[in-house]
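Engineer: My structure is in my_file-v9.cif, and what it holds is mmCIF, C-alpha atoms:
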data_run
loop_
_atom_site.group_PDB
_atom_site.id
_atom_site.type_symbol
_atom_site.label_atom_id
_atom_site.label_comp_id
_atom_site.auth_asym_id
_atom_site.auth_seq_id
_atom_site.Cartn_x
_atom_site.Cartn_y
_atom_site.Cartn_z
ATOM 1 C CA MET A 1 -28.294 61.636 -22.339
ATOM 2 C CA ARG A 2 -30.594 62.605 -25.198
ATOM 3 C CA ALA A 3 -33.917 64.151 -24.266
ATOM 4 C CA ALA A 4 -36.974 63.275 -26.313
ATOM 5 C CA GLY A 5 -37.875 65.725 -29.030
ATOM 6 C CA LEU A 6 -34.676 67.749 -28.869
ATOM 7 C CA LEU A 7 -33.286 69.152 -32.097
ATOM 8 C CA THR A 8 -29.833 68.074 -33.211
ATOM 9 C CA LEU A 9 -28.539 71.543 -34.117
ATOM 10 C CA MET A 10 -25.148 71.829 -32.443
ATOM 11 C CA THR A 11 -25.273 75.472 -31.388
ATOM 12 C CA PHE A 12 -27.394 78.572 -31.906
ATOM 13 C CA ALA A 13 -25.820 82.024 -32.083
ATOM 14 C CA LEU A 14 -27.996 84.627 -30.414
ATOM 15 C CA PRO A 15 -28.861 87.873 -32.187
ATOM 16 C CA ALA A 16 -27.085 90.912 -30.832
ATOM 17 C CA SER A 17 -30.437 92.349 -29.762
ATOM 18 C CA ALA A 18 -31.339 89.377 -27.554
ATOM 19 C CA GLU A 19 -32.390 90.477 -24.084
ATOM 20 C CA VAL A 20 -30.471 89.285 -21.059
ATOM 21 C CA PHE A 21 -31.518 85.819 -19.901
ATOM 22 C CA LEU A 22 -29.649 84.298 -16.987
ATOM 23 C CA LEU A 23 -29.692 80.843 -15.439
ATOM 24 C CA ALA A 24 -29.156 79.630 -11.904
ATOM 25 C CA GLN A 25 -27.766 76.178 -11.118
ATOM 26 C CA PRO A 26 -30.568 73.633 -11.740
ATOM 27 C CA ILE A 27 -29.554 71.213 -8.988
ATOM 28 C CA ASP A 28 -29.259 71.626 -5.221
ATOM 29 C CA CYS A 29 -25.651 70.579 -4.618
ATOM 30 C CA THR A 30 -22.116 71.956 -4.575
ATOM 31 C CA LEU A 31 -20.440 71.540 -7.949
ATOM 32 C CA GLY A 32 -17.075 69.836 -7.723
ATOM 33 C CA GLN A 33 -17.878 68.336 -4.313
ATOM 34 C CA ASP A 34 -21.111 66.356 -4.353
ATOM 35 C CA CYS A 35 -22.165 66.850 -7.983
ATOM 36 C CA PHE A 36 -20.351 67.330 -11.283
ATOM 37 C CA ILE A 37 -21.015 68.418 -14.861
ATOM 38 C CA GLN A 38 -20.090 65.264 -16.752
ATOM 39 C CA GLN A 39 -21.302 66.127 -20.252
ATOM 40 C CA TYR A 40 -21.815 69.324 -22.212
ATOM 41 C CA MET A 41 -23.499 70.288 -25.464
ATOM 42 C CA ASP A 42 -21.906 68.812 -28.586
ATOM 43 C CA HIS A 43 -20.240 71.429 -30.815
ATOM 44 C CA ASP A 44 -18.857 69.026 -33.412
ATOM 45 C CA PRO A 45 -20.993 69.095 -36.603
ATOM 46 C CA GLY A 46 -19.847 65.619 -37.686
ATOM 47 C CA PRO A 47 -20.095 62.170 -36.132
ATOM 48 C CA ASP A 48 -17.518 62.961 -33.432
ATOM 49 C CA ALA A 49 -18.235 64.978 -30.312
ATOM 50 C CA ALA A 50 -16.594 67.975 -28.631
ATOM 51 C CA ASP A 51 -17.688 70.251 -25.822
ATOM 52 C CA PHE A 52 -17.324 74.040 -25.907
ATOM 53 C CA ALA A 53 -13.714 73.739 -24.667
ATOM 54 C CA CYS A 54 -12.886 71.352 -27.555
ATOM 55 C CA ASN A 55 -12.570 68.430 -25.165
ATOM 56 C CA GLY A 56 -14.510 65.187 -25.306
ATOM 57 C CA LEU A 57 -17.006 65.705 -22.463
ATOM 58 C CA SER A 58 -19.984 65.186 -24.757
ATOM 59 C CA TYR A 59 -21.360 62.722 -27.256
ATOM 60 C CA ASP A 60 -22.698 63.056 -30.798
ATOM 61 C CA THR A 61 -25.814 65.301 -30.999
ATOM 62 C CA HIS A 62 -25.946 65.900 -27.231
ATOM 63 C CA THR A 63 -27.915 69.119 -26.776
ATOM 64 C CA GLY A 64 -27.768 69.680 -23.040
ATOM 65 C CA THR A 65 -25.681 69.980 -19.901
ATOM 66 C CA ASP A 66 -25.613 66.986 -17.523
ATOM 67 C CA PHE A 67 -25.375 67.734 -13.796
ATOM 68 C CA ALA A 68 -24.510 64.332 -12.304
ATOM 69 C CA LEU A 69 -24.418 62.750 -8.863
ATOM 70 C CA PRO A 70 -21.526 60.484 -7.818
ATOM 71 C CA SER A 71 -23.622 57.435 -6.928
ATOM 72 C CA LEU A 72 -27.033 55.834 -6.707
ATOM 73 C CA ALA A 73 -26.839 56.276 -2.929
ATOM 74 C CA ALA A 74 -26.578 60.039 -3.413
ATOM 75 C CA MET A 75 -29.615 59.905 -5.691
ATOM 76 C CA GLN A 76 -31.615 57.855 -3.189
ATOM 77 C CA ALA A 77 -30.787 60.354 -0.443
ATOM 78 C CA GLY A 78 -32.698 62.922 -2.498
ATOM 79 C CA VAL A 79 -31.207 65.856 -4.428
ATOM 80 C CA ALA A 80 -33.593 68.551 -5.649
ATOM 81 C CA VAL A 81 -33.881 69.715 -9.256
ATOM 82 C CA LEU A 82 -34.473 73.477 -9.303
ATOM 83 C CA ALA A 83 -35.957 75.925 -11.795
ATOM 84 C CA ALA A 84 -33.043 77.731 -13.427
ATOM 85 C CA ALA A 85 -35.136 80.833 -14.251
ATOM 86 C CA PRO A 86 -38.661 82.117 -13.620
ATOM 87 C CA GLY A 87 -41.388 81.028 -15.997
ATOM 88 C CA THR A 88 -44.432 78.859 -16.624
ATOM 89 C CA VAL A 89 -44.519 75.057 -16.578
ATOM 90 C CA ALA A 90 -45.356 74.186 -20.185
ATOM 91 C CA ALA A 91 -45.141 70.384 -20.000
ATOM 92 C CA LEU A 92 -44.196 67.589 -17.645
ATOM 93 C CA ARG A 93 -44.073 63.839 -17.301
ATOM 94 C CA ASP A 94 -43.854 61.593 -14.250
ATOM 95 C CA GLY A 95 -44.364 57.895 -13.560
ATOM 96 C CA MET A 96 -41.440 56.356 -15.455
ATOM 97 C CA PRO A 97 -39.326 54.000 -13.297
ATOM 98 C CA ASP A 98 -35.734 54.766 -12.327
ATOM 99 C CA THR A 99 -34.268 51.857 -14.274
ATOM 100 C CA GLY A 100 -32.025 53.750 -16.669
ATOM 101 C CA LEU A 101 -31.281 52.400 -20.137
ATOM 102 C CA THR A 102 -30.587 48.668 -20.350
ATOM 103 C CA PRO A 103 -31.301 46.094 -23.053
ATOM 104 C CA ASP A 104 -34.394 45.131 -21.055
ATOM 105 C CA THR A 105 -35.736 48.698 -20.758
ATOM 106 C CA ALA A 106 -34.801 50.088 -24.199
ATOM 107 C CA GLU A 107 -38.181 49.323 -25.794
ATOM 108 C CA ALA A 108 -40.168 50.939 -22.979
ATOM 109 C CA ILE A 109 -37.934 54.046 -23.044
ATOM 110 C CA ASP A 110 -37.969 54.486 -26.844
ATOM 111 C CA GLY A 111 -39.564 57.850 -27.671
ATOM 112 C CA ARG A 112 -39.470 58.922 -24.023
ATOM 113 C CA ASP A 113 -35.714 59.465 -23.697
ATOM 114 C CA CYS A 114 -36.133 62.398 -21.309
ATOM 115 C CA GLY A 115 -37.793 60.129 -18.778
ATOM 116 C CA ASN A 116 -39.634 62.087 -16.107
ATOM 117 C CA GLY A 117 -39.157 65.751 -16.835
ATOM 118 C CA VAL A 118 -40.364 69.335 -16.792
ATOM 119 C CA VAL A 119 -40.384 72.020 -19.505
ATOM 120 C CA ILE A 120 -40.523 75.681 -18.443
ATOM 121 C CA GLN A 121 -41.378 78.504 -20.847
ATOM 122 C CA HIS A 122 -39.660 81.822 -20.130
ATOM 123 C CA GLN A 123 -40.038 85.303 -21.570
ATOM 124 C CA GLY A 124 -38.355 86.222 -24.846
ATOM 125 C CA GLY A 125 -38.740 82.815 -26.492
ATOM 126 C CA TRP A 126 -36.520 81.033 -23.971
ATOM 127 C CA GLN A 127 -37.267 77.551 -22.706
ATOM 128 C CA THR A 128 -35.573 75.132 -20.308
ATOM 129 C CA GLN A 129 -36.087 71.361 -20.075
ATOM 130 C CA TYR A 130 -35.120 69.150 -17.115
ATOM 131 C CA CYS A 131 -34.823 65.405 -17.743
ATOM 132 C CA HIS A 132 -34.334 62.095 -15.859
ATOM 133 C CA LEU A 133 -36.169 63.089 -12.684
ATOM 134 C CA MET A 134 -37.005 60.474 -10.054
ATOM 135 C CA GLN A 135 -40.281 58.643 -10.414
ATOM 136 C CA GLY A 136 -43.048 60.272 -8.396
ATOM 137 C CA SER A 137 -40.928 63.302 -7.462
ATOM 138 C CA VAL A 138 -42.293 65.998 -9.818
ATOM 139 C CA THR A 139 -43.783 68.711 -7.618
ATOM 140 C CA VAL A 140 -45.183 71.174 -10.174
ATOM 141 C CA ARG A 141 -48.230 71.150 -12.452
ATOM 142 C CA GLN A 142 -48.752 72.339 -15.998
ATOM 143 C CA GLY A 143 -49.493 76.071 -16.157
ATOM 144 C CA GLN A 144 -47.910 76.757 -12.766
ATOM 145 C CA GLN A 145 -45.757 79.858 -12.375
ATOM 146 C CA VAL A 146 -42.332 79.113 -10.889
ATOM 147 C CA ALA A 147 -39.559 81.333 -9.579
ATOM 148 C CA THR A 148 -35.824 80.779 -9.864
ATOM 149 C CA GLY A 149 -34.812 78.085 -7.395
ATOM 150 C CA ASP A 150 -38.268 76.557 -6.987
ATOM 151 C CA ARG A 151 -38.161 72.799 -6.587
ATOM 152 C CA LEU A 152 -39.302 70.833 -9.637
ATOM 153 C CA GLY A 153 -38.532 67.308 -8.430
ATOM 154 C CA LEU A 154 -35.575 65.084 -7.561
ATOM 155 C CA VAL A 155 -32.617 63.837 -9.577
ATOM 156 C CA GLY A 156 -33.371 60.338 -10.829
ATOM 157 C CA LEU A 157 -32.485 57.615 -13.299
ATOM 158 C CA SER A 158 -35.523 57.619 -15.581
ATOM 159 C CA GLY A 159 -35.385 57.517 -19.360
ATOM 160 C CA ASN A 160 -32.299 57.203 -21.559
ATOM 161 C CA THR A 161 -29.516 57.483 -18.997
ATOM 162 C CA GLU A 162 -26.865 55.299 -17.412
ATOM 163 C CA PHE A 163 -26.082 57.420 -14.347
ATOM 164 C CA PRO A 164 -28.141 59.664 -12.025
ATOM 165 C CA HIS A 165 -28.230 63.231 -13.291
ATOM 166 C CA VAL A 166 -30.433 66.067 -14.458
ATOM 167 C CA HIS A 167 -30.062 66.904 -18.139
ATOM 168 C CA LEU A 168 -30.697 70.620 -18.723
ATOM 169 C CA THR A 169 -31.487 71.773 -22.252
ATOM 170 C CA VAL A 170 -31.797 75.496 -22.987
ATOM 171 C CA ARG A 171 -33.617 76.684 -26.117
ATOM 172 C CA ARG A 172 -34.459 80.001 -27.723
ATOM 173 C CA ASP A 173 -37.251 79.988 -30.290
ATOM 174 C CA GLY A 174 -36.974 76.191 -30.392
ATOM 175 C CA ASN A 175 -33.237 76.073 -31.066
ATOM 176 C CA PRO A 176 -30.761 74.614 -28.533
ATOM 177 C CA VAL A 177 -28.373 77.121 -26.956
ATOM 178 C CA ASP A 178 -25.220 76.206 -25.060
ATOM 179 C CA PRO A 179 -25.322 78.213 -21.800
ATOM 180 C CA PHE A 180 -21.503 78.196 -21.801
ATOM 181 C CA ASP A 181 -21.343 79.628 -25.339
ATOM 182 C CA PRO A 182 -24.624 81.393 -26.118
ATOM 183 C CA ASP A 183 -23.227 83.564 -28.925
ATOM 184 C CA GLY A 184 -21.378 80.705 -30.626
ATOM 185 C CA GLN A 185 -18.118 82.675 -30.631
ATOM 186 C CA ILE A 186 -16.100 80.924 -27.938
ATOM 187 C CA THR A 187 -12.450 80.023 -28.531
ATOM 188 C CA CYS A 188 -11.354 76.565 -27.422
ATOM 189 C CA GLY A 189 -10.208 76.601 -23.836
ATOM 190 C CA ALA A 190 -10.948 80.295 -23.290
ATOM 191 C CA PRO A 191 -13.751 81.330 -20.922
ATOM 192 C CA ASP A 192 -16.697 83.051 -22.580
ATOM 193 C CA PRO A 193 -17.604 86.266 -20.713
ATOM 194 C CA ALA A 194 -21.136 86.064 -22.143
ATOM 195 C CA THR A 195 -22.335 82.782 -20.608
ATOM 196 C CA LEU A 196 -25.938 82.481 -19.463
ATOM 197 C CA TRP A 197 -24.964 81.581 -15.883
ATOM 198 C CA SER A 198 -25.846 84.179 -13.253
ATOM 199 C CA VAL A 199 -22.931 82.847 -11.180
ATOM 200 C CA PRO A 200 -19.813 81.602 -13.041
ATOM 201 C CA VAL A 201 -19.713 77.824 -13.417
ATOM 202 C CA ALA A 202 -16.236 76.270 -13.465
ATOM 203 C CA TYR A 203 -15.277 73.824 -16.206
ATOM 204 C CA ASP A 204 -13.686 70.560 -15.086
ATOM 205 C CA PRO A 205 -12.028 68.529 -17.888
ATOM 206 C CA GLY A 206 -12.464 65.426 -15.735
ATOM 207 C CA ALA A 207 -12.609 64.789 -12.007
ATOM 208 C CA LEU A 208 -12.804 62.250 -9.238
ATOM 209 C CA LEU A 209 -16.397 61.404 -8.410
ATOM 210 C CA ASN A 210 -15.680 59.341 -5.336
ATOM 211 C CA ALA A 211 -12.921 57.483 -3.477
ATOM 212 C CA GLY A 212 -12.628 55.148 -0.551
ATOM 213 C CA PHE A 213 -10.948 52.269 1.250
ATOM 214 C CA ALA A 214 -11.912 48.603 1.039
ATOM 215 C CA THR A 215 -10.597 45.179 2.043
ATOM 216 C CA ALA A 216 -10.522 43.969 -1.584
ATOM 217 C CA VAL A 217 -10.856 45.450 -5.048
ATOM 218 C CA PRO A 218 -14.560 46.386 -5.169
ATOM 219 C CA ASP A 219 -16.831 45.497 -8.066
ATOM 220 C CA TYR A 220 -17.997 48.261 -10.390
ATOM 221 C CA ALA A 221 -21.639 47.882 -9.326
ATOM 222 C CA SER A 222 -20.833 48.738 -5.708
ATOM 223 C CA ILE A 223 -18.739 51.713 -6.863
ATOM 224 C CA LYS A 224 -21.702 53.107 -8.812
ATOM 225 C CA GLU A 225 -24.105 52.335 -6.000
ATOM 226 C CA GLY A 226 -21.914 54.226 -3.514
ATOM 227 C CA THR A 227 -21.553 51.258 -1.159
ATOM 228 C CA ALA A 228 -17.917 50.302 -1.788
ATOM 229 C CA ALA A 229 -16.206 52.421 0.867
ATOM 230 C CA ALA A 230 -15.384 51.011 4.314
ATOM 231 C CA SER A 231 -15.305 53.384 7.277
ATOM 232 C CA ALA A 232 -12.979 51.114 9.257
ATOM 233 C CA ILE A 233 -11.302 47.722 8.880
ATOM 234 C CA ALA A 234 -9.813 45.156 11.224
ATOM 235 C CA ARG A 235 -6.064 44.706 11.598
ATOM 236 C CA ASP A 236 -6.349 41.205 10.145
ATOM 237 C CA ALA A 237 -8.519 42.154 7.143
ATOM 238 C CA PRO A 238 -7.524 40.303 3.925
ATOM 239 C CA ALA A 239 -6.040 43.426 2.333
ATOM 240 C CA LEU A 240 -5.904 47.189 2.479
ATOM 241 C CA VAL A 241 -7.111 48.767 -0.781
ATOM 242 C CA ALA A 242 -7.868 52.322 -1.883
ATOM 243 C CA TRP A 243 -9.933 53.098 -4.976
ATOM 244 C CA GLY A 244 -10.852 56.120 -7.057
ATOM 245 C CA TYR A 245 -13.863 56.628 -9.336
ATOM 246 C CA ALA A 246 -13.594 59.338 -11.985
ATOM 247 C CA PHE A 247 -15.112 60.756 -15.157
ATOM 248 C CA GLY A 248 -13.668 62.342 -18.283
ATOM 249 C CA GLY A 249 -10.664 60.038 -18.573
ATOM 250 C CA ARG A 250 -8.428 60.362 -21.633
ATOM 251 C CA ALA A 251 -5.894 57.964 -23.045
ATOM 252 C CA GLY A 252 -2.591 58.697 -21.293
ATOM 253 C CA ASP A 253 -4.184 59.985 -18.083
ATOM 254 C CA VAL A 254 -2.705 58.583 -14.867
ATOM 255 C CA LEU A 255 -4.626 57.716 -11.730
ATOM 256 C CA ARG A 256 -2.172 57.724 -8.825
ATOM 257 C CA ILE A 257 -3.162 55.956 -5.604
ATOM 258 C CA THR A 258 -1.034 56.397 -2.490
ATOM 259 C CA ILE A 259 -1.759 54.823 0.902
ATOM 260 C CA ALA A 260 0.134 55.707 4.064
ATOM 261 C CA GLY A 261 -0.344 54.674 7.678
ATOM 262 C CA PRO A 262 1.400 54.353 11.046
ATOM 263 C CA GLY A 263 3.965 52.016 9.499
ATOM 264 C CA GLY A 264 4.758 54.324 6.567
ATOM 265 C CA THR A 265 3.863 54.041 2.887
ATOM 266 C CA VAL A 266 1.671 51.039 2.041
ATOM 267 C CA THR A 267 1.587 51.621 -1.714
ATOM 268 C CA ASP A 268 2.277 54.282 -4.326
ATOM 269 C CA HIS A 269 0.653 53.023 -7.510
ATOM 270 C CA ARG A 270 0.149 54.614 -10.918
ATOM 271 C CA ASP A 271 -2.281 53.306 -13.521
ATOM 272 C CA THR A 272 -2.254 54.747 -17.052
ATOM 273 C CA LEU A 273 -5.470 54.790 -19.092
ATOM 274 C CA GLU A 274 -5.080 53.085 -22.449
ATOM 275 C CA ARG A 275 -8.179 54.704 -23.968
ATOM 276 C CA ASP A 276 -10.696 57.470 -23.376
ATOM 277 C CA GLN A 277 -13.252 56.501 -20.734
ATOM 278 C CA ALA A 278 -16.355 58.495 -19.821
ATOM 279 C CA GLN A 279 -16.304 56.891 -16.358
ATOM 280 C CA PHE A 280 -13.807 54.518 -14.776
ATOM 281 C CA PHE A 281 -12.350 53.325 -11.504
ATOM 282 C CA ARG A 282 -8.994 51.970 -10.419
ATOM 283 C CA ALA A 283 -7.832 50.384 -7.172
ATOM 284 C CA ALA A 284 -4.501 49.565 -5.544
ATOM 285 C CA GLY A 285 -3.249 48.203 -2.240
ATOM 286 C CA ARG A 286 -1.498 45.317 -0.485
ATOM 287 C CA ARG A 287 -2.367 42.058 1.164
ATOM 288 C CA THR A 288 -2.259 42.142 4.929
ATOM 289 C CA PRO A 289 1.227 41.369 6.305
ATOM 290 C CA ALA A 290 1.910 38.724 8.932
ATOM 291 C CA GLY A 291 0.774 40.065 12.286
ATOM 292 C CA GLY A 292 -1.742 42.425 10.690
ATOM 293 C CA TRP A 293 -1.781 46.152 9.982
ATOM 294 C CA PRO A 294 -0.637 48.554 12.708
ATOM 295 C CA ALA A 295 -3.682 50.126 14.331
ATOM 296 C CA GLY A 296 -4.317 53.794 13.640
ATOM 297 C CA THR A 297 -5.303 56.263 10.936
ATOM 298 C CA TYR A 298 -4.547 55.505 7.293
ATOM 299 C CA THR A 299 -4.717 58.104 4.538
ATOM 300 C CA GLY A 300 -5.248 57.642 0.844
ATOM 301 C CA ASP A 301 -4.388 60.240 -1.775
ATOM 302 C CA ILE A 302 -6.142 59.686 -5.109
ATOM 303 C CA THR A 303 -4.939 61.943 -7.932
ATOM 304 C CA LEU A 304 -5.977 62.205 -11.568
ATOM 305 C CA LEU A 305 -3.065 63.429 -13.680
ATOM 306 C CA ARG A 306 -3.079 64.627 -17.289
ATOM 307 C CA GLU A 307 0.274 65.310 -18.914
ATOM 308 C CA ASP A 308 1.796 65.394 -15.408
ATOM 309 C CA ARG A 309 -0.695 68.053 -14.323
ATOM 310 C CA THR A 310 -3.110 67.395 -11.470
ATOM 311 C CA ILE A 311 -6.698 67.909 -12.611
ATOM 312 C CA SER A 312 -8.428 66.354 -9.591
ATOM 313 C CA THR A 313 -7.383 64.996 -6.206
ATOM 314 C CA ARG A 314 -8.976 63.609 -3.060
ATOM 315 C CA ARG A 315 -7.668 62.620 0.352
ATOM 316 C CA ILE A 316 -9.497 59.928 2.293
ATOM 317 C CA GLU A 317 -9.003 58.579 5.813
ATOM 318 C CA MET A 318 -9.843 55.328 7.549
ATOM 319 C CA GLN A 319 -9.220 53.687 10.905
ATOM 320 C CA VAL A 320 -7.599 50.283 11.261
ATOM 321 C CA GLU A 321 -8.797 48.852 14.563
#
Using structure tokens, write down the structure that the file contains.

Structural biologist:
Amino acid sequence: MRAAGLLTLMTFALPASAEVFLLAQPIDCTLGQDCFIQQYMDHDPGPDAADFACNGLSYDTHTGTDFALPSLAAMQAGVAVLAAAPGTVAALRDGMPDTGLTPDTAEAIDGRDCGNGVVIQHQGGWQTQYCHLMQGSVTVRQGQQVATGDRLGLVGLSGNTEFPHVHLTVRRDGNPVDPFDPDGQITCGAPDPATLWSVPVAYDPGALLNAGFATAVPDYASIKEGTAAASAIARDAPALVAWGYAFGGRAGDVLRITIAGPGGTVTDHRDTLERDQAQFFRAAGRRTPAGGWPAGTYTGDITLLREDRTISTRRIEMQVE
């Protein structure tokens, strides 16, 4: 989401003489497994939005990179926000509640979109900003020297955001720079050899955030909270359902849900997205047959397909007892 005070310049091409400045991952998690980059810097100069790969994982005037968690439960477990490069803490804010943006909180958040955050000044005119930290979690003080990887706080839901993540903005001389395209010369879909990442960061055009089994189609709130998945169900449960929660959906994408168990295939369902969706979930399954489900291990395969190509897949397991 937008961070307070950020400029709306879409990209900033670095001068050829710019010294090397490299970034480490600003969040303590494994990308593609328990955290995901859901939004990138907007490269479209008009009212539409496009990320550096010319896909839609951005929104108009977005000037950062959003490293997101799959659920509120993951946030509440505590995931550290880390300094991406050595420098000096130039500014910080703490004390804003982890309410996210709602009609009831919009007025209180106005002008403080970043929520709880930290700004670090680096050598050579570089600056990094970390937004939406958890209330009371900021561990640094203004003027403090930090090293790469030092803990700044925890991922939260403060400020102008609708999901738990840390928004990282990179600037040079006050101008936003896309760490995936620092020279502004990238070609759509082609990797830029001159990124600012010290370790290559993979680009996912969309992915499954979470998946699980349930005894009914879960509500969206429980999906986002991370409480929708059942570890086991009874043989006489009302139904056997598998669900998948994903981001980066495009019109025409297919979410395929397959369930198999001791008695064979339970369901093989395909759901086609009718429109682009930043986040979405789908579920499929069957009512319990007479006599109940055979006891044993059930597997669910959740696959996100784009033009018949798999872009993300997960296998889940559950015991019927």

Engineer: Can you measure CA of Thr128 in chain A to CA of Ala53 in chain A for me? One decimal in Å is fine.

Structural biologist: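 A separation of 22.3 Å between them.
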
Engineer: Can you tell me which residues surround range 200-217 of chain A at a distance of at most 6 Å, considering all atoms listed in the file, apart from same-chain residues fewer than 2 positions away, and format the answer as a list in words?

Structural biologist: Pro70, Trp197, Ala229, Ala230, Ala239, Leu240, Val241, Ala242, Trp243, Gly244, Tyr245, Ala246, Phe247, Gly248 and Ser312 of chain A

Engineer: The PyMOL selection byres ((chain A and resi 144-154) around 6) - which residues does that actually catch in the file I just gave you? List them as a list in words.

Structural biologist: Val79, Ala80, Val81, Leu82, Ala83, Ala84, Ala85, Pro86, Gly87, Thr88, Val89, Leu133, Met134, Ser137, Val138, Thr139, Val140, Arg141, Gln142, Gly143 and Val155 of chain A

Engineer: Evaluate the PyMOL selection byres ((chain A and resi 261) around 9) on the structure here and hand back the selected residues as a PyMOL selection string.

Structural biologist: chain A and resi 259-260+262-266+293-300

Engineer: Pick out the residues sitting within 8 Å of range 97-111 of chain A, and hand them over as a list in words; count all atoms listed in the file, and ignore anything fewer than 5 positions along from it in its own chain.

Structural biologist: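 Non-adjacent residues within range: Ala4, Met134, Gln135, Gly156, Leu157, Ser158, Gly159, Asn160, Thr161, Glu162 and Phe163 of chain A.
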
Engineer: Would you write out, as a PyMOL selection string, every residue that the PyMOL selection byres ((chain A and resi 123) around 12) captures in this file?

Structural biologist: chain A and resi 18-22+85-88+120-122+124-128+171-173

Engineer: Go through A:His269, A:Tyr59, A:Ala234, A:Asp66 and flag the residue nearest His165 in chain A, using all atoms listed in the file for the distances.

Structural biologist: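 Nearest to His165 in chain A: A:Asp66.
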
Engineer: Using all atoms listed in the file, which residues sit within 9 Å of Cys188 in chain A once same-chain residues fewer than 5 positions away are excluded, as a list of chain:residue names?

Structural biologist: A:Phe52, A:Ala53, A:Cys54, A:Asn55

Engineer: Which is closest to Ile37 in chain A among A:Leu23, A:Met318, A:Leu168, A:Cys131, if we use all atoms listed in the file?

Structural biologist: A:Leu168

Engineer: Could you tell me how far CA of Arg287 in chain A lies from CA of Asp253 in chain A, in Å and to one decimal?

Structural biologist: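 Atom-to-atom, CA of Arg287 in chain A and CA of Asp253 in chain A are spaced 26.4 Å apart.
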
Engineer: May I ask which of the residues A:Ala251, A:Thr169, A:Leu69, A:Thr227 is the closest one to Val118 in chain A, counting all atoms listed in the file?

Structural biologist: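 The shortest atom-to-atom distance to Val118 in chain A comes from A:Thr169.
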
Engineer: Could you please determine the separation between CA of Asp236 in chain A and CA of Gly291 in chain A in Å, to one decimal place?

Structural biologist: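 That distance, rounded to one decimal, is 7.5 Å.
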
Engineer: Find the residues near Leu305 in chain A: any atom within 7 Å, counting only C-alpha atoms, skip ones fewer than 3 places away on the same chain, and give them as a PDB file with C-alpha atoms, keeping the file's coordinate frame.

Structural biologist:
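What landed in part14.pdb:
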ATOM      1  CA  ASP A 253      -4.184  59.985 -18.083  1.00  0.00           C
ATOM      2  CA  VAL A 254      -2.705  58.583 -14.867  1.00  0.00           C
ATOM      3  CA  LEU A 255      -4.626  57.716 -11.730  1.00  0.00           C
ATOM      4  CA  ASP A 308       1.796  65.394 -15.408  1.00  0.00           C
ATOM      5  CA  ARG A 309      -0.695  68.053 -14.323  1.00  0.00           C
ATOM      6  CA  THR A 310      -3.110  67.395 -11.470  1.00  0.00           C
ATOM      7  CA  ILE A 311      -6.698  67.909 -12.611  1.00  0.00           C
TER       8      ILE A 311
END

Engineer: With all atoms listed in the file as the atoms that count, which of A:Asp271, A:His132, A:Ala228, A:Pro26 lies nearest to Ser198 in chain A?

Structural biologist: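 Under the stated criterion, the closest residue is A:Pro26.
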
Engineer: Check the smallest atom-to-atom distance from each of A:Gln319, A:Ser58, A:Gln185, A:Gln76 to Ala278 in chain A using all atoms listed in the file, then report the winner.

Structural biologist: A:Ser58

Engineer: Of the candidates A:Gly136, A:Pro182, A:Glu317, A:Gly78, which shows the shortest atom-to-atom distance to Ser231 in chain A, using all atoms listed in the file?

Structural biologist: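 Closest to Ser231 in chain A, using all atoms listed in the file: A:Glu317.
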
Engineer: Would you mind putting back N, CA and C atoms on range 295-304 of chain A, then writing it out as a PDB file, keeping the file's coordinate frame?

Structural biologist:
ATOM      1  N   ALA A 295      -2.460  49.372  14.078  1.00  0.00           N
ATOM      2  CA  ALA A 295      -3.682  50.126  14.331  1.00  0.00           C
ATOM      3  C   ALA A 295      -3.419  51.618  14.187  1.00  0.00           C
ATOM      4  N   GLY A 296      -4.450  52.351  13.768  1.00  0.00           N
ATOM      5  CA  GLY A 296      -4.317  53.794  13.640  1.00  0.00           C
ATOM      6  C   GLY A 296      -5.006  54.334  12.412  1.00  0.00           C
ATOM      7  N   THR A 297      -4.691  55.571  12.063  1.00  0.00           N
ATOM      8  CA  THR A 297      -5.303  56.263  10.936  1.00  0.00           C
ATOM      9  C   THR A 297      -4.491  56.050   9.670  1.00  0.00           C
ATOM     10  N   TYR A 298      -5.167  55.673   8.606  1.00  0.00           N
ATOM     11  CA  TYR A 298      -4.547  55.505   7.293  1.00  0.00           C
ATOM     12  C   TYR A 298      -5.139  56.548   6.341  1.00  0.00           C
ATOM     13  N   THR A 299      -4.274  57.115   5.513  1.00  0.00           N
ATOM     14  CA  THR A 299      -4.717  58.104   4.538  1.00  0.00           C
ATOM     15  C   THR A 299      -4.499  57.571   3.134  1.00  0.00           C
ATOM     16  N   GLY A 300      -5.402  57.962   2.252  1.00  0.00           N
ATOM     17  CA  GLY A 300      -5.248  57.642   0.844  1.00  0.00           C
ATOM     18  C   GLY A 300      -5.318  58.919   0.032  1.00  0.00           C
ATOM     19  N   ASP A 301      -4.382  59.099  -0.866  1.00  0.00           N
ATOM     20  CA  ASP A 301      -4.388  60.240  -1.775  1.00  0.00           C
ATOM     21  C   ASP A 301      -4.629  59.715  -3.184  1.00  0.00           C
ATOM     22  N   ILE A 302      -5.749  60.125  -3.775  1.00  0.00           N
ATOM     23  CA  ILE A 302      -6.142  59.686  -5.109  1.00  0.00           C
ATOM     24  C   ILE A 302      -6.030  60.899  -6.018  1.00  0.00           C
ATOM     25  N   THR A 303      -5.227  60.792  -7.075  1.00  0.00           N
ATOM     26  CA  THR A 303      -4.939  61.943  -7.932  1.00  0.00           C
ATOM     27  C   THR A 303      -5.087  61.565  -9.393  1.00  0.00           C
ATOM     28  N   LEU A 304      -5.844  62.373 -10.122  1.00  0.00           N
ATOM     29  CA  LEU A 304      -5.977  62.205 -11.568  1.00  0.00           C
ATOM     30  C   LEU A 304      -5.032  63.184 -12.243  1.00  0.00           C
TER      31      LEU A 304
END
